[in-house]
Amino acid sequence: MILDQFDLSGKVALVTGCSSGLGEGMALGLAEAGADVVGVYNQGQPKIKDNIESLGKTFKGIQADLTSIAPLKHIVKEAVDAFGRLDILLNNAGILRREKALDFGENDWDDVMNVNLKSLFFLSQAAARQFVDQKSGGKIINIASLLSFQGGILVPSYTASKSGVMGLTRLLACEWASHHINVNAIAPGYMVTRVTQPLKEDPVRNRQILDRIPAGRWGQPDDLKGAVVFLASDASTYINGYTLAVDGGWLAR
C-alpha cells in the first residue's frame, strides 16, 4: 500500500540544527513518521527531546560546532554507536550574515560558507560512506533556499552558499544514485523563524513579502513536515537531485 511507503519506523535520522525553528519542526515530523532522531545542535539542550520521546521514539542529542568539519566523523560514529545504523541525513544547520556587498567582510563570508556549504558536504560524505558500508542505501536531504534560485540583497555569502547547496545536491545525486542513495533538497520560502523575525516585524517589508506570496501567508515549520517525510521515505526512491520549493507559490509568481 502506498501509505506504507511513507512509514519511517525503524529508521534513524540525523538532523543538524535541530534545536529551534525549521530544524525542530522537521525533526519532529520525521519522528511522527516513525524515525528515531539524532539531533545536532550548537548550544543548549534542545527542548525537542521531550517532544520526540513523548511520541515513543528515541532522541539522542549531540552538541557540535559546525563552523569546523572536525566533529563530523565523530557525529556519524556517535549516531551509529547509539542506534546501530543510519538511514537519513537532514542537513538543516545554517547561518546568515547581513551586510552590503561593498562592505562585506571575509570573516562573515567564511563563517557562513563553512556552516552552510563546507560542513554540509563533508557530513554528507561521512553519511554516504556509512550508507555504503551498510549496503543499505540512504536518504540525504539538504536545506536550500529561495536564494538558491534568486539573488537576494545584503546576503552575499548566504546566497552563494545556498546556490552551492543546490548544485551539490545535483552532483551528489549523480554520483551516489548507483549506491541507492537519494540526494535531494528543500527550498523553504519565507517562514516564521527567529532569523526572519526582523522582516516580519517591519510593516513595509512584511507587506511586500505577503503581496508576493500567492498563498497569502508566511510559512510555518509544520509546513515542511510533509516534504521532509516524503523525501526521507521509500515514496521518493526515484527522485534524485531535485530541489523542492515549499514557498506558498513565491517562485511561481
# chains A, B, ... in the order shown; residues from 1 in each chain; ligands from 1
$ residues_around --residues "Gly34 in chain A" --least-positions-apart "3" --cutoff "12 Å" --atoms "only C-alpha atoms" --output "ChimeraX atom specification"
/A:4-13,27-31,37,52-53,55-59,229,232-233
$ closest_atom_pairs --of "range 5-122 of chain A" --to "range 127-136 of chain A" --cutoff "8 Å" --atoms "only C-alpha atoms" --output "JSON lines"
{"residue": "A:Val76", "atom": "CA", "partner": "A:Ala127", "partner_atom": "CA", "distance": 6.5}
{"residue": "A:Arg85", "atom": "CA", "partner": "A:Gln134", "partner_atom": "CA", "distance": 7.5}
{"residue": "A:Leu86", "atom": "CA", "partner": "A:Phe131", "partner_atom": "CA", "distance": 7.1}
{"residue": "A:Asp87", "atom": "CA", "partner": "A:Phe131", "partner_atom": "CA", "distance": 7.1}
{"residue": "A:Leu89", "atom": "CA", "partner": "A:Ala127", "partner_atom": "CA", "distance": 7.0}
$ select_by_dssp --residues "range 115-154 of chain A" --states "helix (DSSP H, G or I)" --output "compact mmCIF listing (two decimals) with C-alpha atoms, in the first residue's frame"
# COMPACT_ATOMS: atom_id res chain seq x y z
CA VAL A 115 28.49 26.05 8.07
CA ASN A 116 26.15 26.22 5.08
CA LEU A 117 28.28 24.51 2.45
CA LYS A 118 31.57 23.02 3.63
CA SER A 119 30.20 21.16 6.65
CA LEU A 120 27.15 20.12 4.64
CA PHE A 121 29.36 18.49 2.04
CA PHE A 122 31.66 16.68 4.44
CA LEU A 123 28.83 15.49 6.67
CA SER A 124 27.06 14.19 3.56
CA GLN A 125 30.28 12.40 2.61
CA ALA A 126 30.56 10.80 6.06
CA ALA A 127 26.91 9.71 6.00
CA ALA A 128 27.20 8.34 2.46
CA ARG A 129 30.23 6.29 3.44
CA GLN A 130 28.15 4.80 6.25
CA PHE A 131 25.29 4.04 3.86
CA VAL A 132 27.72 2.29 1.50
CA ASP A 133 29.26 0.29 4.36
CA GLN A 134 25.78 -0.75 5.50
CA LEU A 146 14.70 30.67 -2.36
CA LEU A 147 18.12 32.27 -2.82
CA SER A 148 19.29 29.07 -4.47
$ closest_residue --among "A:Met191, A:Arg98, A:Asp111, A:Ile48" --to "Asp65 in chain A" --atoms "only C-alpha atoms"
A:Asp111
$ residues_around --residues "Val195 in chain A" --least-positions-apart "6" --cutoff "12 Å" --atoms "only C-alpha atoms" --output "PyMOL selection string"
chain A and resi 20-22+94-98+201
$ residues_around --residues "Glu24 in chain A" --least-positions-apart "6" --cutoff "9 Å" --atoms "only C-alpha atoms" --output "number ranges by chain"
A: 15, 17-18, 46-48, 221
$ closest_residue --among "A:Asn91, A:Pro203, A:Ile153, A:Ile141" --to "Leu66 in chain A" --atoms "only C-alpha atoms"
A:Asn91
$ closest_residue --among "A:Gly248, A:Ser145, A:Ser161, A:Ala70" --to "Asp211 in chain A" --atoms "only C-alpha atoms"
A:Gly248
$ select_by_dssp --residues "range 56-208 of chain A" --states "strand (DSSP E)" --output "count of residues only"
23
$ residues_around --residues "Leu168 in chain A" --least-positions-apart "4" --cutoff "9 Å" --atoms "only C-alpha atoms" --output "list in words"
Leu117, Phe121, Ser163, Gly164, Leu172, Ala173 and Gly241 of chain A
$ atom_distance --atom1 "CA of Ala227 in chain A" --atom2 "CA of Asn184 in chain A"
10.8 Å
$ residues_around --residues "Leu154 in chain A" --least-positions-apart "6" --cutoff "7 Å" --atoms "only C-alpha atoms" --output "PyMOL selection string"
chain A and resi 98-101
$ atom_distance --atom1 "CA of Gln208 in chain A" --atom2 "CA of Ile143 in chain A"
24.3 Å
$ decode --residues "range 42-71 of chain A" --atoms "N, CA and C atoms" --output "tab-separated table (two decimals), in the first residue's frame"
chain	number	residue	atom	x	y	z
A	42	ASN	N	24.03	23.46	18.40
A	42	ASN	CA	25.23	24.22	18.72
A	42	ASN	C	25.39	24.48	20.20
A	43	GLN	N	24.28	24.83	20.86
A	43	GLN	CA	24.37	25.12	22.29
A	43	GLN	C	23.02	24.92	22.95
A	44	GLY	N	23.05	24.57	24.24
A	44	GLY	CA	21.82	24.37	24.98
A	44	GLY	C	21.13	23.07	24.64
A	45	GLN	N	20.56	22.39	25.63
A	45	GLN	CA	19.84	21.15	25.38
A	45	GLN	C	18.52	21.45	24.68
A	46	PRO	N	18.29	20.92	23.49
A	46	PRO	CA	17.07	21.26	22.76
A	46	PRO	C	15.82	20.69	23.43
A	47	LYS	N	14.76	21.49	23.45
A	47	LYS	CA	13.50	21.05	24.06
A	47	LYS	C	12.82	19.96	23.25
A	48	ILE	N	13.25	19.79	21.99
A	48	ILE	CA	12.62	18.80	21.13
A	48	ILE	C	12.78	17.38	21.67
A	49	LYS	N	13.77	17.16	22.50
A	49	LYS	CA	13.98	15.83	23.07
A	49	LYS	C	12.70	15.30	23.72
A	50	ASP	N	12.08	16.12	24.57
A	50	ASP	CA	10.86	15.68	25.26
A	50	ASP	C	9.72	15.45	24.28
A	51	ASN	N	9.62	16.29	23.26
A	51	ASN	CA	8.54	16.15	22.28
A	51	ASN	C	8.67	14.85	21.50
A	52	ILE	N	9.90	14.51	21.11
A	52	ILE	CA	10.11	13.28	20.35
A	52	ILE	C	9.89	12.05	21.24
A	53	GLU	N	10.38	12.11	22.46
A	53	GLU	CA	10.23	10.96	23.34
A	53	GLU	C	8.77	10.75	23.75
A	54	SER	N	7.98	11.83	23.74
A	54	SER	CA	6.55	11.69	24.04
A	54	SER	C	5.82	10.89	22.95
A	55	LEU	N	6.44	10.79	21.77
A	55	LEU	CA	5.87	10.00	20.67
A	55	LEU	C	6.28	8.54	20.75
A	56	GLY	N	7.10	8.20	21.77
A	56	GLY	CA	7.59	6.84	21.88
A	56	GLY	C	8.83	6.57	21.06
A	57	LYS	N	9.45	7.62	20.53
A	57	LYS	CA	10.69	7.49	19.75
A	57	LYS	C	11.87	7.92	20.60
A	58	THR	N	13.07	7.58	20.15
A	58	THR	CA	14.28	7.88	20.88
A	58	THR	C	14.98	9.09	20.27
A	59	PHE	N	15.46	9.99	21.13
A	59	PHE	CA	16.23	11.15	20.68
A	59	PHE	C	17.59	11.12	21.34
A	60	LYS	N	18.63	11.28	20.52
A	60	LYS	CA	19.98	11.44	21.04
A	60	LYS	C	20.52	12.78	20.59
A	61	GLY	N	20.93	13.61	21.52
A	61	GLY	CA	21.47	14.91	21.19
A	61	GLY	C	22.99	14.90	21.12
A	62	ILE	N	23.53	15.64	20.16
A	62	ILE	CA	24.98	15.80	20.03
A	62	ILE	C	25.27	17.28	19.87
A	63	GLN	N	26.05	17.83	20.78
A	63	GLN	CA	26.42	19.24	20.67
A	63	GLN	C	27.69	19.36	19.83
A	64	ALA	N	27.65	20.20	18.81
A	64	ALA	CA	28.81	20.33	17.91
A	64	ALA	C	28.78	21.70	17.24
A	65	ASP	N	29.96	22.21	16.97
A	65	ASP	CA	30.13	23.48	16.26
A	65	ASP	C	30.45	23.16	14.80
A	66	LEU	N	29.51	23.45	13.91
A	66	LEU	CA	29.68	23.08	12.51
A	66	LEU	C	30.41	24.14	11.70
A	67	THR	N	31.00	25.14	12.36
A	67	THR	CA	31.89	26.04	11.62
A	67	THR	C	33.19	25.34	11.26
A	68	SER	N	33.41	24.16	11.87
A	68	SER	CA	34.59	23.33	11.57
A	68	SER	C	34.10	21.96	11.14
A	69	ILE	N	34.87	21.29	10.28
A	69	ILE	CA	34.49	19.94	9.89
A	69	ILE	C	35.04	18.89	10.86
A	70	ALA	N	35.79	19.32	11.87
A	70	ALA	CA	36.41	18.38	12.80
A	70	ALA	C	35.42	17.42	13.46
A	71	PRO	N	34.23	17.85	13.88
A	71	PRO	CA	33.33	16.92	14.59
A	71	PRO	C	32.55	15.97	13.69
